[in-house]
$ cat run31.cif   # mmCIF, C-alpha atoms
data_query
loop_
_atom_site.group_PDB
_atom_site.id
_atom_site.type_symbol
_atom_site.label_atom_id
_atom_site.label_comp_id
_atom_site.auth_asym_id
_atom_site.auth_seq_id
_atom_site.Cartn_x
_atom_site.Cartn_y
_atom_site.Cartn_z
ATOM 1 C CA MET A 1 -1.277 137.366 123.445
ATOM 2 C CA SER A 2 -2.253 138.057 127.107
ATOM 3 C CA PRO A 3 -2.936 141.633 128.314
ATOM 4 C CA ASP A 4 0.272 141.473 130.358
ATOM 5 C CA SER A 5 2.375 140.398 127.435
ATOM 6 C CA THR A 6 0.687 143.056 125.253
ATOM 7 C CA ARG A 7 1.580 145.710 127.854
ATOM 8 C CA HIS A 8 5.121 144.385 128.093
ATOM 9 C CA PHE A 9 5.465 144.479 124.321
ATOM 10 C CA GLY A 10 4.089 148.031 124.312
ATOM 11 C CA ASP A 11 6.521 149.137 127.048
ATOM 12 C CA GLN A 12 9.370 147.532 125.155
ATOM 13 C CA THR A 13 8.405 149.294 121.936
ATOM 14 C CA ALA A 14 8.118 152.652 123.701
ATOM 15 C CA ALA A 15 11.520 152.139 125.321
ATOM 16 C CA GLN A 16 12.987 151.196 121.964
ATOM 17 C CA GLN A 17 11.571 154.363 120.391
ATOM 18 C CA ARG A 18 12.958 156.497 123.243
ATOM 19 C CA PHE A 19 16.324 154.828 122.915
ATOM 20 C CA LEU A 20 16.463 155.275 119.146
ATOM 21 C CA SER A 21 15.477 158.911 119.407
ATOM 22 C CA LEU A 22 18.240 159.611 121.943
ATOM 23 C CA PHE A 23 20.801 157.500 120.144
ATOM 24 C CA LEU A 24 20.166 159.034 116.734
ATOM 25 C CA ARG A 25 20.676 162.518 118.185
ATOM 26 C CA SER A 26 23.994 161.449 119.729
ATOM 27 C CA GLU A 27 25.279 159.048 117.106
ATOM 28 C CA ARG A 28 27.515 161.482 115.246
ATOM 29 C CA GLU A 29 29.151 162.714 118.430
ATOM 30 C CA ILE A 30 29.689 159.114 119.567
ATOM 31 C CA PHE A 31 31.259 158.351 116.191
ATOM 32 C CA ARG A 32 33.546 161.396 116.441
ATOM 33 C CA TYR A 33 34.460 160.401 120.010
ATOM 34 C CA VAL A 34 35.451 156.903 118.866
ATOM 35 C CA ALA A 35 37.168 158.155 115.697
ATOM 36 C CA ALA A 36 39.392 160.417 117.824
ATOM 37 C CA LEU A 37 40.924 157.165 119.103
ATOM 38 C CA VAL A 38 40.365 154.775 116.182
ATOM 39 C CA PRO A 39 40.294 156.864 112.991
ATOM 40 C CA ASN A 40 39.645 154.050 110.513
ATOM 41 C CA VAL A 41 36.030 154.634 109.514
ATOM 42 C CA ALA A 42 35.023 150.967 109.237
ATOM 43 C CA ASP A 43 36.576 150.165 112.632
ATOM 44 C CA ALA A 44 34.979 153.215 114.274
ATOM 45 C CA GLU A 45 31.579 152.279 112.839
ATOM 46 C CA ASP A 46 32.000 148.741 114.156
ATOM 47 C CA ILE A 47 32.760 150.088 117.645
ATOM 48 C CA VAL A 48 29.788 152.481 117.495
ATOM 49 C CA GLN A 49 27.541 149.584 116.565
ATOM 50 C CA GLN A 50 28.837 147.513 119.504
ATOM 51 C CA THR A 51 28.280 150.579 121.689
ATOM 52 C CA ALA A 52 24.667 150.859 120.490
ATOM 53 C CA LEU A 53 23.987 147.257 121.485
ATOM 54 C CA ALA A 54 25.602 147.742 124.917
ATOM 55 C CA LEU A 55 23.635 150.957 125.487
ATOM 56 C CA TRP A 56 20.365 149.240 124.647
ATOM 57 C CA GLU A 57 21.181 146.359 127.015
ATOM 58 C CA LYS A 58 21.779 148.865 129.839
ATOM 59 C CA PHE A 59 19.107 151.374 128.842
ATOM 60 C CA ASP A 60 17.083 150.568 131.991
ATOM 61 C CA ALA A 61 19.943 152.052 134.015
ATOM 62 C CA TYR A 62 19.941 155.358 132.090
ATOM 63 C CA ASP A 63 18.804 158.340 134.171
ATOM 64 C CA PRO A 64 16.749 160.532 131.791
ATOM 65 C CA SER A 65 17.455 163.625 133.924
ATOM 66 C CA GLN A 66 21.093 163.364 132.775
ATOM 67 C CA PRO A 67 22.369 164.121 129.259
ATOM 68 C CA PHE A 68 22.497 161.010 127.079
ATOM 69 C CA THR A 69 25.673 161.697 125.068
ATOM 70 C CA PRO A 70 28.230 161.699 127.933
ATOM 71 C CA TRP A 71 26.604 158.526 129.300
ATOM 72 C CA ALA A 72 26.855 156.934 125.868
ATOM 73 C CA CYS A 73 30.464 158.071 125.390
ATOM 74 C CA ARG A 74 31.514 156.241 128.569
ATOM 75 C CA PHE A 75 30.211 153.035 126.964
ATOM 76 C CA ALA A 76 31.958 153.977 123.728
ATOM 77 C CA LEU A 77 35.286 154.357 125.568
ATOM 78 C CA ASN A 78 34.871 150.899 127.137
ATOM 79 C CA LYS A 79 33.990 149.344 123.778
ATOM 80 C CA THR A 80 36.979 151.096 122.194
ATOM 81 C CA LYS A 81 39.283 149.720 124.886
ATOM 82 C CA GLN A 82 37.895 146.203 124.355
ATOM 83 C CA TRP A 83 38.532 146.629 120.626
ATOM 84 C CA LEU A 84 42.097 147.788 121.339
ATOM 85 C CA GLU A 85 42.771 144.757 123.551
ATOM 86 C CA ARG A 86 42.448 142.547 120.470
ATOM 87 C CA ARG A 87 44.770 144.708 118.334
ATOM 88 C CA GLN A 88 48.339 144.846 119.510
ATOM 89 C CA ARG A 89 49.489 147.516 117.041
ATOM 90 C CA TRP A 90 46.806 149.957 118.152
ATOM 91 C CA GLN A 91 47.622 149.201 121.765
ATOM 92 C CA ALA A 92 51.142 150.467 121.097
ATOM 93 C CA LEU A 93 49.647 153.826 120.116
ATOM 94 C CA LEU A 94 47.090 154.193 122.889
ATOM 95 C CA GLU A 95 48.661 152.338 125.847
ATOM 96 C CA SER A 96 49.777 153.837 129.192
ATOM 97 C CA GLY A 97 46.562 155.794 129.583
ATOM 98 C CA LEU A 98 46.848 157.731 126.328
ATOM 99 C CA ALA A 99 43.348 156.651 125.150
ATOM 100 C CA GLU A 100 41.751 158.182 128.265
ATOM 101 C CA ASP A 101 43.962 161.299 128.036
ATOM 102 C CA LEU A 102 43.023 161.886 124.391
ATOM 103 C CA ALA A 103 39.306 161.361 125.085
ATOM 104 C CA GLN A 104 39.408 163.780 128.013
ATOM 105 C CA ARG A 105 41.455 166.422 126.198
ATOM 106 C CA ARG A 106 39.159 166.211 123.183
ATOM 107 C CA GLU A 107 36.227 167.049 125.458
ATOM 108 C CA GLU A 108 38.098 170.120 126.727
ATOM 109 C CA LEU A 109 38.917 171.198 123.171
ATOM 110 C CA ARG A 110 35.418 170.612 121.779
ATOM 111 C CA PRO A 111 34.273 174.269 121.731
ATOM 112 C CA GLU A 112 37.485 175.259 119.946
ATOM 113 C CA LEU A 113 37.180 172.345 117.508
ATOM 114 C CA GLU A 114 33.584 173.320 116.701
ATOM 115 C CA ILE A 115 34.633 176.920 115.895
ATOM 116 C CA ARG A 116 37.211 175.652 113.428
ATOM 117 C CA LEU A 117 35.396 172.696 111.918
ATOM 118 C CA LYS A 118 32.153 174.480 111.094
ATOM 119 C CA HIS A 119 34.127 175.993 108.184
ATOM 120 C CA LEU A 120 35.131 172.592 106.829
ATOM 121 C CA GLU A 121 32.453 172.251 104.185
ATOM 122 C CA ASP A 122 33.200 175.735 102.781
ATOM 123 C CA CYS A 123 36.893 174.896 102.736
ATOM 124 C CA VAL A 124 36.267 171.623 100.884
ATOM 125 C CA ASN A 125 34.285 173.579 98.288
ATOM 126 C CA LYS A 126 37.219 175.959 97.839
ATOM 127 C CA LEU A 127 39.651 173.144 96.965
ATOM 128 C CA PRO A 128 40.918 172.935 93.383
ATOM 129 C CA GLU A 129 38.826 170.484 91.342
ATOM 130 C CA GLU A 130 41.425 167.687 91.311
ATOM 131 C CA GLN A 131 41.907 167.807 95.093
ATOM 132 C CA ARG A 132 38.177 167.974 95.796
ATOM 133 C CA SER A 133 37.639 164.991 93.546
ATOM 134 C CA LEU A 134 40.281 163.014 95.486
ATOM 135 C CA VAL A 135 38.700 163.931 98.834
ATOM 136 C CA GLU A 136 35.233 162.988 97.588
ATOM 137 C CA GLY A 137 36.535 159.692 96.240
ATOM 138 C CA TYR A 138 38.207 158.798 99.527
ATOM 139 C CA TYR A 139 35.611 160.051 102.016
ATOM 140 C CA PHE A 140 32.314 160.015 100.120
ATOM 141 C CA ARG A 141 32.534 157.170 97.630
ATOM 142 C CA ARG A 142 35.004 155.337 99.881
ATOM 143 C CA ASP A 143 37.045 154.253 96.907
ATOM 144 C CA THR A 144 40.151 152.236 97.689
ATOM 145 C CA ILE A 145 43.420 154.123 97.589
ATOM 146 C CA GLU A 146 44.525 151.841 94.735
ATOM 147 C CA LYS A 147 41.512 152.862 92.647
ATOM 148 C CA LEU A 148 42.097 156.536 93.399
ATOM 149 C CA ALA A 149 45.766 156.135 92.450
ATOM 150 C CA VAL A 150 44.866 154.611 89.094
ATOM 151 C CA GLY A 151 42.270 157.327 88.478
ATOM 152 C CA SER A 152 44.724 160.116 89.207
ATOM 153 C CA LYS A 153 47.667 158.409 87.485
ATOM 154 C CA ARG A 154 49.705 158.486 90.695
ATOM 155 C CA THR A 155 51.371 155.791 92.724
ATOM 156 C CA VAL A 156 49.599 154.613 95.887
ATOM 157 C CA ALA A 157 52.283 156.326 98.019
ATOM 158 C CA ALA A 158 51.876 159.581 96.082
ATOM 159 C CA THR A 159 48.098 159.400 96.479
ATOM 160 C CA TYR A 160 48.431 158.989 100.259
ATOM 161 C CA LYS A 161 50.836 161.938 100.275
ATOM 162 C CA THR A 162 48.416 164.063 98.252
ATOM 163 C CA LEU A 163 45.585 163.260 100.663
ATOM 164 C CA GLN A 164 47.839 164.280 103.544
ATOM 165 C CA ARG A 165 48.621 167.612 101.796
ATOM 166 C CA VAL A 166 44.945 168.227 101.052
ATOM 167 C CA ARG A 167 44.077 167.757 104.732
ATOM 168 C CA GLN A 168 46.903 170.163 105.642
ATOM 169 C CA ALA A 169 45.442 172.708 103.198
ATOM 170 C CA LEU A 170 41.994 172.197 104.740
ATOM 171 C CA GLN A 171 43.440 172.667 108.215
ATOM 172 C CA SER A 172 45.041 175.976 107.191
ATOM 173 C CA CYS A 173 41.763 177.048 105.588
ATOM 174 C CA ILE A 174 39.607 176.311 108.647
ATOM 175 C CA GLU A 175 42.134 177.971 110.969
ATOM 176 C CA ASP A 176 42.182 181.126 108.808
ATOM 177 C CA ALA A 177 38.391 181.150 108.622
ATOM 178 C CA ALA A 178 38.074 180.733 112.391
ATOM 179 C CA LYS A 179 40.620 183.441 113.305
ATOM 180 C CA PRO A 180 38.166 186.391 113.492
ATOM 181 C CA GLU A 181 35.827 184.386 115.778
ATOM 182 C CA ARG A 182 38.653 183.298 118.050
ATOM 183 C CA ILE A 183 39.933 186.881 118.425
ATOM 184 C CA SER A 184 36.513 188.369 119.249
ATOM 185 C CA MET B 1 61.479 155.774 116.464
ATOM 186 C CA LYS B 2 61.848 159.084 118.287
ATOM 187 C CA LEU B 3 59.354 161.619 116.928
ATOM 188 C CA ALA B 4 59.656 165.368 117.332
ATOM 189 C CA PHE B 5 56.993 168.029 116.973
ATOM 190 C CA PRO B 6 56.717 169.844 114.677
ATOM 191 C CA SER B 7 58.384 167.646 112.069
ATOM 192 C CA CYS B 8 57.711 165.924 108.754
ATOM 193 C CA GLU B 9 57.951 162.596 110.589
ATOM 194 C CA PHE B 10 55.134 163.640 112.933
ATOM 195 C CA ASP B 11 52.996 164.760 109.947
ATOM 196 C CA GLU B 12 53.615 161.461 108.190
ATOM 197 C CA ALA B 13 52.906 159.349 111.270
ATOM 198 C CA VAL B 14 49.560 161.100 111.941
ATOM 199 C CA ALA B 15 48.567 160.781 108.272
ATOM 200 C CA ALA B 16 49.492 157.082 108.375
ATOM 201 C CA VAL B 17 47.267 156.614 111.457
ATOM 202 C CA CYS B 18 44.393 158.229 109.526
ATOM 203 C CA HIS B 19 45.029 155.968 106.530
ATOM 204 C CA GLY B 20 45.397 152.849 108.664
ATOM 205 C CA SER B 21 48.933 152.294 107.393
ATOM 206 C CA ALA B 22 51.039 153.348 110.399
ATOM 207 C CA SER B 23 53.953 151.073 111.243
ATOM 208 C CA ASP B 24 54.550 149.685 114.742
ATOM 209 C CA GLU B 25 57.454 152.115 115.066
ATOM 210 C CA GLN B 26 55.282 155.086 114.159
ATOM 211 C CA MET B 27 52.610 153.962 116.648
ATOM 212 C CA ARG B 28 55.139 153.649 119.451
ATOM 213 C CA GLY B 29 56.803 156.940 118.515
ATOM 214 C CA LEU B 30 53.467 158.750 118.572
ATOM 215 C CA ASN B 31 52.521 157.221 121.928
ATOM 216 C CA GLU B 32 55.737 158.484 123.482
ATOM 217 C CA LEU B 33 55.444 161.956 121.944
ATOM 218 C CA LEU B 34 51.738 162.479 122.689
ATOM 219 C CA ARG B 35 52.192 161.521 126.347
ATOM 220 C CA SER B 36 54.970 164.067 126.803
ATOM 221 C CA ASP B 37 54.092 166.990 124.494
ATOM 222 C CA SER B 38 50.706 168.649 125.052
ATOM 223 C CA VAL B 39 50.963 170.834 121.919
ATOM 224 C CA ALA B 40 51.602 167.774 119.744
ATOM 225 C CA ARG B 41 48.690 166.014 121.465
ATOM 226 C CA ASP B 42 46.302 168.903 120.693
ATOM 227 C CA GLN B 43 47.499 168.975 117.092
ATOM 228 C CA TYR B 44 46.964 165.199 116.834
ATOM 229 C CA ILE B 45 43.395 165.563 118.157
ATOM 230 C CA LEU B 46 42.625 168.346 115.646
ATOM 231 C CA ARG B 47 43.967 166.336 112.704
ATOM 232 C CA LEU B 48 42.031 163.201 113.606
ATOM 233 C CA GLU B 49 38.912 165.288 114.157
ATOM 234 C CA LEU B 50 39.346 166.854 110.709
ATOM 235 C CA HIS B 51 39.704 163.369 109.219
ATOM 236 C CA SER B 52 36.549 162.031 110.903
ATOM 237 C CA ARG B 53 34.539 165.173 110.094
ATOM 238 C CA LEU B 54 35.414 164.792 106.433
ATOM 239 C CA ASP B 55 33.843 161.373 106.557
ATOM 240 C CA LEU B 56 30.793 162.697 108.388
ATOM 241 C CA THR B 57 30.464 165.778 106.190
ATOM 242 C CA LEU B 58 30.936 164.014 102.882
ATOM 243 C CA GLY B 59 30.076 160.423 103.687
ATOM 244 C CA TRP B 60 27.321 160.379 106.268
ATOM 245 C CA ILE B 61 25.343 163.358 104.987
ATOM 246 C CA GLY B 62 26.058 162.103 101.510
ATOM 247 C CA GLY B 63 23.681 159.238 102.162
ATOM 248 C CA HIS B 64 25.642 156.172 103.270
ATOM 249 C CA ASP B 65 23.174 153.812 104.873
ATOM 250 C CA ASP B 66 25.543 152.593 107.555
ATOM 251 C CA SER B 67 24.466 154.473 110.645
ATOM 252 C CA ALA B 68 24.847 152.282 113.729
ATOM 253 C CA ALA B 69 21.222 153.009 114.581
ATOM 254 C CA LEU B 70 20.130 151.479 111.284
ATOM 255 C CA GLN B 71 22.397 148.487 111.790
ATOM 256 C CA TRP B 72 21.292 148.179 115.407
ATOM 257 C CA ARG B 73 17.669 148.107 114.247
ATOM 258 C CA SER B 74 18.437 145.232 111.933
ATOM 259 C CA LEU B 75 20.241 143.310 114.687
ATOM 260 C CA ASP B 76 17.675 143.910 117.400
ATOM 261 C CA PRO B 77 15.556 140.783 117.842
ATOM 262 C CA ASN B 78 12.433 142.882 118.505
#

$ encode --input "run31.cif" --output "C-alpha coordinates"
Amino acid sequence: MSPDSTRHFGDQTAAQQRFLSLFLRSEREIFRYVAALVPNVADAEDIVQQTALALWEKFDAYDPSQPFTPWACRFALNKTKQWLERRQRWQALLESGLAEDLAQRREELRPELEIRLKHLEDCVNKLPEEQRSLVEGYYFRRDTIEKLAVGSKRTVAATYKTLQRVRQALQSCIEDAAKPERIS
Amino acid sequence: MKLAFPSCEFDEAVAAVCHGSASDEQMRGLNELLRSDSVARDQYILRLELHSRLDLTLGWIGGHDDSAALQWRSLDPN
(Lines of atoms letter the chains of each structure in order from A and count residues from 1; the text may use other names and numbers.)
(Lines give C-alpha, C1' and ligand atoms only; values in the text may rest on other atoms or scores of the structure.)
Protein backbone atom coordinates (compact mmCIF):
# COMPACT_ATOMS: atom_id res chain seq x y z
CA MET A 1 0.00 0.00 0.00
CA SER A 2 1.51 3.39 -1.03
CA PRO A 3 1.76 6.27 1.49
CA ASP A 4 -0.93 8.12 -0.48
CA SER A 5 -3.32 5.22 -0.42
CA THR A 6 -2.57 4.69 3.30
CA ARG A 7 -3.41 8.36 3.96
CA HIS A 8 -6.55 8.09 1.86
CA PHE A 9 -7.61 4.98 3.75
CA GLY A 10 -6.92 6.78 7.04
CA ASP A 11 -8.95 9.84 5.96
CA GLN A 12 -11.77 7.57 4.88
CA THR A 13 -11.76 5.73 8.20
CA ALA A 14 -11.74 9.00 10.16
CA ALA A 15 -14.63 10.31 8.06
CA GLN A 16 -16.52 7.08 8.61
CA GLN A 17 -16.01 7.35 12.37
CA ARG A 18 -17.19 10.98 12.35
CA PHE A 19 -20.21 10.04 10.30
CA LEU A 20 -21.13 7.11 12.53
CA SER A 21 -20.77 9.20 15.65
CA LEU A 22 -23.09 11.90 14.26
CA PHE A 23 -25.53 9.42 12.78
CA LEU A 24 -25.83 7.32 15.93
CA ARG A 25 -26.67 10.44 17.95
CA SER A 26 -29.39 11.39 15.46
CA GLU A 27 -30.70 7.98 14.47
CA ARG A 28 -33.64 7.86 16.86
CA GLU A 29 -34.84 11.31 15.86
CA ILE A 30 -34.51 10.38 12.18
CA PHE A 31 -36.52 7.23 12.86
CA ARG A 32 -39.23 9.22 14.68
CA TYR A 33 -39.26 11.76 11.83
CA VAL A 34 -39.81 8.99 9.26
CA ALA A 35 -42.29 7.10 11.47
CA ALA A 36 -44.44 10.25 11.71
CA LEU A 37 -45.10 9.69 7.99
CA VAL A 38 -44.68 5.92 7.63
CA PRO A 39 -45.59 4.34 10.98
CA ASN A 40 -44.93 0.70 10.07
CA VAL A 41 -41.73 -0.06 11.96
CA ALA A 42 -40.15 -2.32 9.32
CA ASP A 43 -40.87 0.22 6.55
CA ALA A 44 -39.56 3.12 8.65
CA GLU A 45 -36.38 1.19 9.45
CA ASP A 46 -35.91 0.44 5.75
CA ILE A 47 -36.23 4.15 4.92
CA VAL A 48 -33.81 5.10 7.72
CA GLN A 49 -31.30 2.62 6.35
CA GLN A 50 -31.63 4.08 2.84
CA THR A 51 -31.23 7.52 4.41
CA ALA A 52 -28.01 6.42 6.15
CA LEU A 53 -26.53 5.29 2.84
CA ALA A 54 -27.53 8.55 1.11
CA LEU A 55 -26.10 10.62 3.97
CA TRP A 56 -22.79 8.78 3.79
CA GLU A 57 -22.62 9.29 0.01
CA LYS A 58 -23.11 13.05 0.51
CA PHE A 59 -21.16 13.37 3.76
CA ASP A 60 -18.47 15.46 2.01
CA ALA A 61 -21.12 18.15 1.50
CA TYR A 62 -22.07 18.29 5.21
CA ASP A 63 -21.11 21.56 6.91
CA PRO A 64 -19.96 20.59 10.43
CA SER A 65 -20.79 24.09 11.74
CA GLN A 66 -24.47 23.22 11.19
CA PRO A 67 -26.50 20.74 13.27
CA PHE A 68 -26.48 17.25 11.76
CA THR A 69 -30.05 16.14 12.55
CA PRO A 70 -31.98 18.72 10.47
CA TRP A 71 -29.59 18.07 7.56
CA ALA A 72 -30.20 14.34 7.91
CA CYS A 73 -33.97 14.79 8.19
CA ARG A 74 -34.06 16.56 4.81
CA PHE A 75 -32.54 13.41 3.30
CA ALA A 76 -35.00 11.30 5.27
CA LEU A 77 -37.94 13.27 3.82
CA ASN A 78 -36.63 12.72 0.28
CA LYS A 79 -36.13 9.00 0.91
CA THR A 80 -39.63 8.80 2.40
CA LYS A 81 -41.10 10.49 -0.67
CA GLN A 82 -39.24 8.07 -2.96
CA TRP A 83 -40.63 5.20 -0.89
CA LEU A 84 -44.15 6.65 -1.18
CA GLU A 85 -43.84 6.94 -4.97
CA ARG A 86 -43.72 3.14 -5.16
CA ARG A 87 -46.74 2.65 -2.88
CA GLN A 88 -50.00 3.95 -4.26
CA ARG A 89 -52.04 3.37 -1.09
CA TRP A 90 -49.68 5.43 1.04
CA GLN A 91 -49.65 8.13 -1.61
CA ALA A 92 -53.40 8.47 -1.11
CA LEU A 93 -52.74 9.34 2.54
CA LEU A 94 -49.81 11.71 2.08
CA GLU A 95 -50.45 13.31 -1.33
CA SER A 96 -51.16 17.01 -2.06
CA GLY A 97 -48.33 18.17 0.17
CA LEU A 98 -49.56 16.48 3.33
CA ALA A 99 -46.21 14.68 3.91
CA GLU A 100 -44.36 18.01 4.01
CA ASP A 101 -47.09 19.63 6.15
CA LEU A 102 -46.97 16.81 8.70
CA ALA A 103 -43.16 16.87 8.85
CA GLN A 104 -43.13 20.64 9.35
CA ARG A 105 -45.92 20.65 11.94
CA ARG A 106 -44.24 17.85 13.86
CA GLU A 107 -41.12 20.02 14.14
CA GLU A 108 -43.24 22.85 15.57
CA LEU A 109 -44.89 20.48 18.04
CA ARG A 110 -41.67 18.76 19.14
CA PRO A 111 -41.22 20.60 22.47
CA GLU A 112 -44.84 19.84 23.39
CA LEU A 113 -44.48 16.21 22.28
CA GLU A 114 -41.33 15.81 24.39
CA ILE A 115 -43.14 17.12 27.51
CA ARG A 116 -45.87 14.53 27.06
CA LEU A 117 -43.87 11.56 25.83
CA LYS A 118 -41.21 11.61 28.54
CA HIS A 119 -43.94 10.09 30.76
CA LEU A 120 -44.56 7.20 28.38
CA GLU A 121 -42.41 4.61 30.10
CA ASP A 122 -44.01 5.34 33.50
CA CYS A 123 -47.44 5.09 31.91
CA VAL A 124 -46.60 1.75 30.29
CA ASN A 125 -45.52 0.47 33.71
CA LYS A 126 -48.86 1.56 35.17
CA LEU A 127 -50.88 -0.52 32.68
CA PRO A 128 -52.74 -3.57 33.99
CA GLU A 129 -50.67 -6.74 33.52
CA GLU A 130 -52.68 -8.09 30.57
CA GLN A 131 -52.46 -4.80 28.64
CA ARG A 132 -48.75 -4.37 29.36
CA SER A 133 -48.13 -7.89 28.16
CA LEU A 134 -49.96 -7.14 24.89
CA VAL A 135 -47.97 -3.93 24.35
CA GLU A 136 -44.69 -5.71 25.07
CA GLY A 137 -45.61 -8.52 22.70
CA TYR A 138 -46.45 -6.12 19.89
CA TYR A 139 -43.70 -3.52 20.32
CA PHE A 140 -40.86 -5.36 22.07
CA ARG A 141 -41.04 -8.96 20.92
CA ARG A 142 -42.67 -7.88 17.65
CA ASP A 143 -45.01 -10.83 17.74
CA THR A 144 -47.51 -11.04 14.90
CA ILE A 145 -51.02 -9.90 15.69
CA GLU A 146 -52.22 -13.45 14.97
CA LYS A 147 -49.88 -14.87 17.62
CA LEU A 148 -50.96 -12.23 20.13
CA ALA A 149 -54.61 -13.01 19.36
CA VAL A 150 -54.10 -16.71 20.01
CA GLY A 151 -52.19 -15.95 23.22
CA SER A 152 -54.92 -13.68 24.54
CA LYS A 153 -57.78 -15.85 23.26
CA ARG A 154 -59.16 -12.97 21.20
CA THR A 155 -59.91 -12.59 17.53
CA VAL A 156 -57.39 -10.67 15.41
CA ALA A 157 -59.89 -7.78 15.08
CA ALA A 158 -60.44 -7.70 18.85
CA THR A 159 -56.68 -7.71 19.44
CA TYR A 160 -56.22 -4.72 17.12
CA LYS A 161 -59.07 -2.98 18.94
CA THR A 162 -57.49 -3.71 22.32
CA LEU A 163 -54.16 -2.29 21.15
CA GLN A 164 -55.97 0.83 19.98
CA ARG A 165 -57.65 1.19 23.42
CA VAL A 166 -54.35 0.65 25.23
CA ARG A 167 -52.73 3.44 23.20
CA GLN A 168 -55.72 5.68 24.02
CA ALA A 169 -55.22 4.88 27.72
CA LEU A 170 -51.51 5.68 27.39
CA GLN A 171 -52.34 8.96 25.66
CA SER A 172 -54.66 9.97 28.51
CA CYS A 173 -51.99 8.97 31.03
CA ILE A 174 -49.20 11.01 29.42
CA GLU A 175 -51.50 14.02 28.99
CA ASP A 176 -52.51 13.89 32.67
CA ALA A 177 -48.89 13.50 33.73
CA ALA A 178 -47.80 16.43 31.57
CA LYS A 179 -50.57 18.81 32.71
CA PRO A 180 -48.69 20.38 35.67
CA GLU A 181 -45.64 21.09 33.45
CA ARG A 182 -47.75 22.61 30.69
CA ILE A 183 -49.55 24.92 33.15
CA SER A 184 -46.36 26.18 34.82
CA MET B 1 -65.20 8.08 3.03
CA LYS B 2 -65.81 11.41 4.75
CA LEU B 3 -64.10 11.45 8.16
CA ALA B 4 -64.99 13.82 10.98
CA PHE B 5 -62.95 14.76 14.02
CA PRO B 6 -63.44 13.77 16.75
CA SER B 7 -65.15 10.51 15.83
CA CYS B 8 -64.82 6.75 16.24
CA GLU B 9 -64.11 6.54 12.51
CA PHE B 10 -61.14 8.89 12.90
CA ASP B 11 -59.83 6.83 15.86
CA GLU B 12 -60.18 3.62 13.86
CA ALA B 13 -58.54 5.05 10.74
CA VAL B 14 -55.49 6.33 12.69
CA ALA B 15 -55.16 3.00 14.52
CA ALA B 16 -55.38 1.17 11.18
CA VAL B 17 -52.57 3.37 9.80
CA CYS B 18 -50.44 2.42 12.83
CA HIS B 19 -51.22 -1.27 12.31
CA GLY B 20 -50.62 -1.11 8.56
CA SER B 21 -54.17 -2.25 7.86
CA ALA B 22 -55.83 0.99 6.69
CA SER B 23 -58.08 0.67 3.65
CA ASP B 24 -57.75 2.92 0.59
CA GLU B 25 -60.93 4.69 1.71
CA GLN B 26 -59.53 5.36 5.17
CA MET B 27 -56.28 6.69 3.65
CA ARG B 28 -58.14 9.05 1.35
CA GLY B 29 -60.51 10.13 4.13
CA LEU B 30 -57.60 10.92 6.43
CA ASN B 31 -55.78 12.87 3.71
CA GLU B 32 -58.82 15.07 3.17
CA LEU B 33 -59.44 15.60 6.88
CA LEU B 34 -55.82 16.27 7.87
CA ARG B 35 -55.39 18.87 5.12
CA SER B 36 -58.44 20.80 6.30
CA ASP B 37 -58.55 20.35 10.10
CA SER B 38 -55.47 21.49 12.04
CA VAL B 39 -56.70 20.03 15.36
CA ALA B 40 -57.18 16.60 13.77
CA ARG B 41 -53.73 16.92 12.17
CA ASP B 42 -52.08 17.65 15.55
CA GLN B 43 -53.93 14.74 17.12
CA TYR B 44 -52.79 12.47 14.26
CA ILE B 45 -49.16 13.54 14.79
CA LEU B 46 -49.38 12.86 18.55
CA ARG B 47 -50.87 9.40 18.04
CA LEU B 48 -48.28 8.35 15.47
CA GLU B 49 -45.53 9.73 17.70
CA LEU B 50 -46.88 7.69 20.63
CA HIS B 51 -46.88 4.59 18.41
CA SER B 52 -43.28 5.09 17.24
CA ARG B 53 -42.05 5.95 20.75
CA LEU B 54 -43.52 2.72 22.06
CA ASP B 55 -41.37 0.90 19.56
CA LEU B 56 -38.31 2.95 20.50
CA THR B 57 -38.96 2.72 24.24
CA LEU B 58 -39.72 -0.98 24.33
CA GLY B 59 -38.10 -2.28 21.17
CA TRP B 60 -34.95 -0.31 20.52
CA ILE B 61 -33.81 0.07 24.12
CA GLY B 62 -34.93 -3.48 24.66
CA GLY B 63 -32.00 -4.62 22.56
CA HIS B 64 -33.14 -5.19 18.97
CA ASP B 65 -30.04 -5.26 16.83
CA ASP B 66 -31.60 -3.50 13.88
CA SER B 67 -30.32 0.04 14.15
CA ALA B 68 -29.71 1.50 10.69
CA ALA B 69 -26.18 2.36 11.77
CA LEU B 70 -25.47 -1.31 12.44
CA GLN B 71 -27.04 -2.33 9.14
CA TRP B 72 -25.23 0.49 7.34
CA ARG B 73 -21.94 -0.77 8.77
CA SER B 74 -22.61 -4.20 7.37
CA LEU B 75 -23.49 -2.79 3.94
CA ASP B 76 -20.61 -0.35 3.71
CA PRO B 77 -17.92 -1.79 1.43
CA ASN B 78 -15.15 -0.32 3.62

$ atom_distance --input "run31.cif" --atom1 "CA of Gly20 in chain B" --atom2 "CA of Val41 in chain A"
9.6 Å

$ interface_residues --input "run31.cif" --of "chain A" --to "chain B" --cutoff "6 Å" --atoms "only C-alpha atoms" --output "JSON list (two decimals) with C-alpha atoms, in the coordinates of the input"
[["chain", "number", "residue", "atom", "x", "y", "z"],
["A", 36, "ALA", "CA", 39.39, 160.42, 117.82],
["A", 39, "PRO", "CA", 40.29, 156.86, 112.99],
["A", 49, "GLN", "CA", 27.54, 149.58, 116.56],
["A", 89, "ARG", "CA", 49.49, 147.52, 117.04],
["A", 92, "ALA", "CA", 51.14, 150.47, 121.10],
["A", 93, "LEU", "CA", 49.65, 153.83, 120.12],
["A", 139, "TYR", "CA", 35.61, 160.05, 102.02],
["A", 140, "PHE", "CA", 32.31, 160.01, 100.12],
["A", 164, "GLN", "CA", 47.84, 164.28, 103.54]]

$ residues_near_point --input "run31.cif" --point "(27.0, 155.0, 118.4)" --cutoff "7 Å" --atoms "only C-alpha atoms" --output "list in words"
Phe23, Glu27, Ile30, Phe31, Val48, Gln49, Thr51 and Ala52 of chain A; Ala68 of chain B

$ atom_distance --input "run31.cif" --atom1 "CA of Glu95 in chain A" --atom2 "CA of Leu53 in chain A"
25.6 Å

$ atom_distance --input "run31.cif" --atom1 "CA of Arg116 in chain A" --atom2 "CA of Ile174 in chain A"
5.4 Å
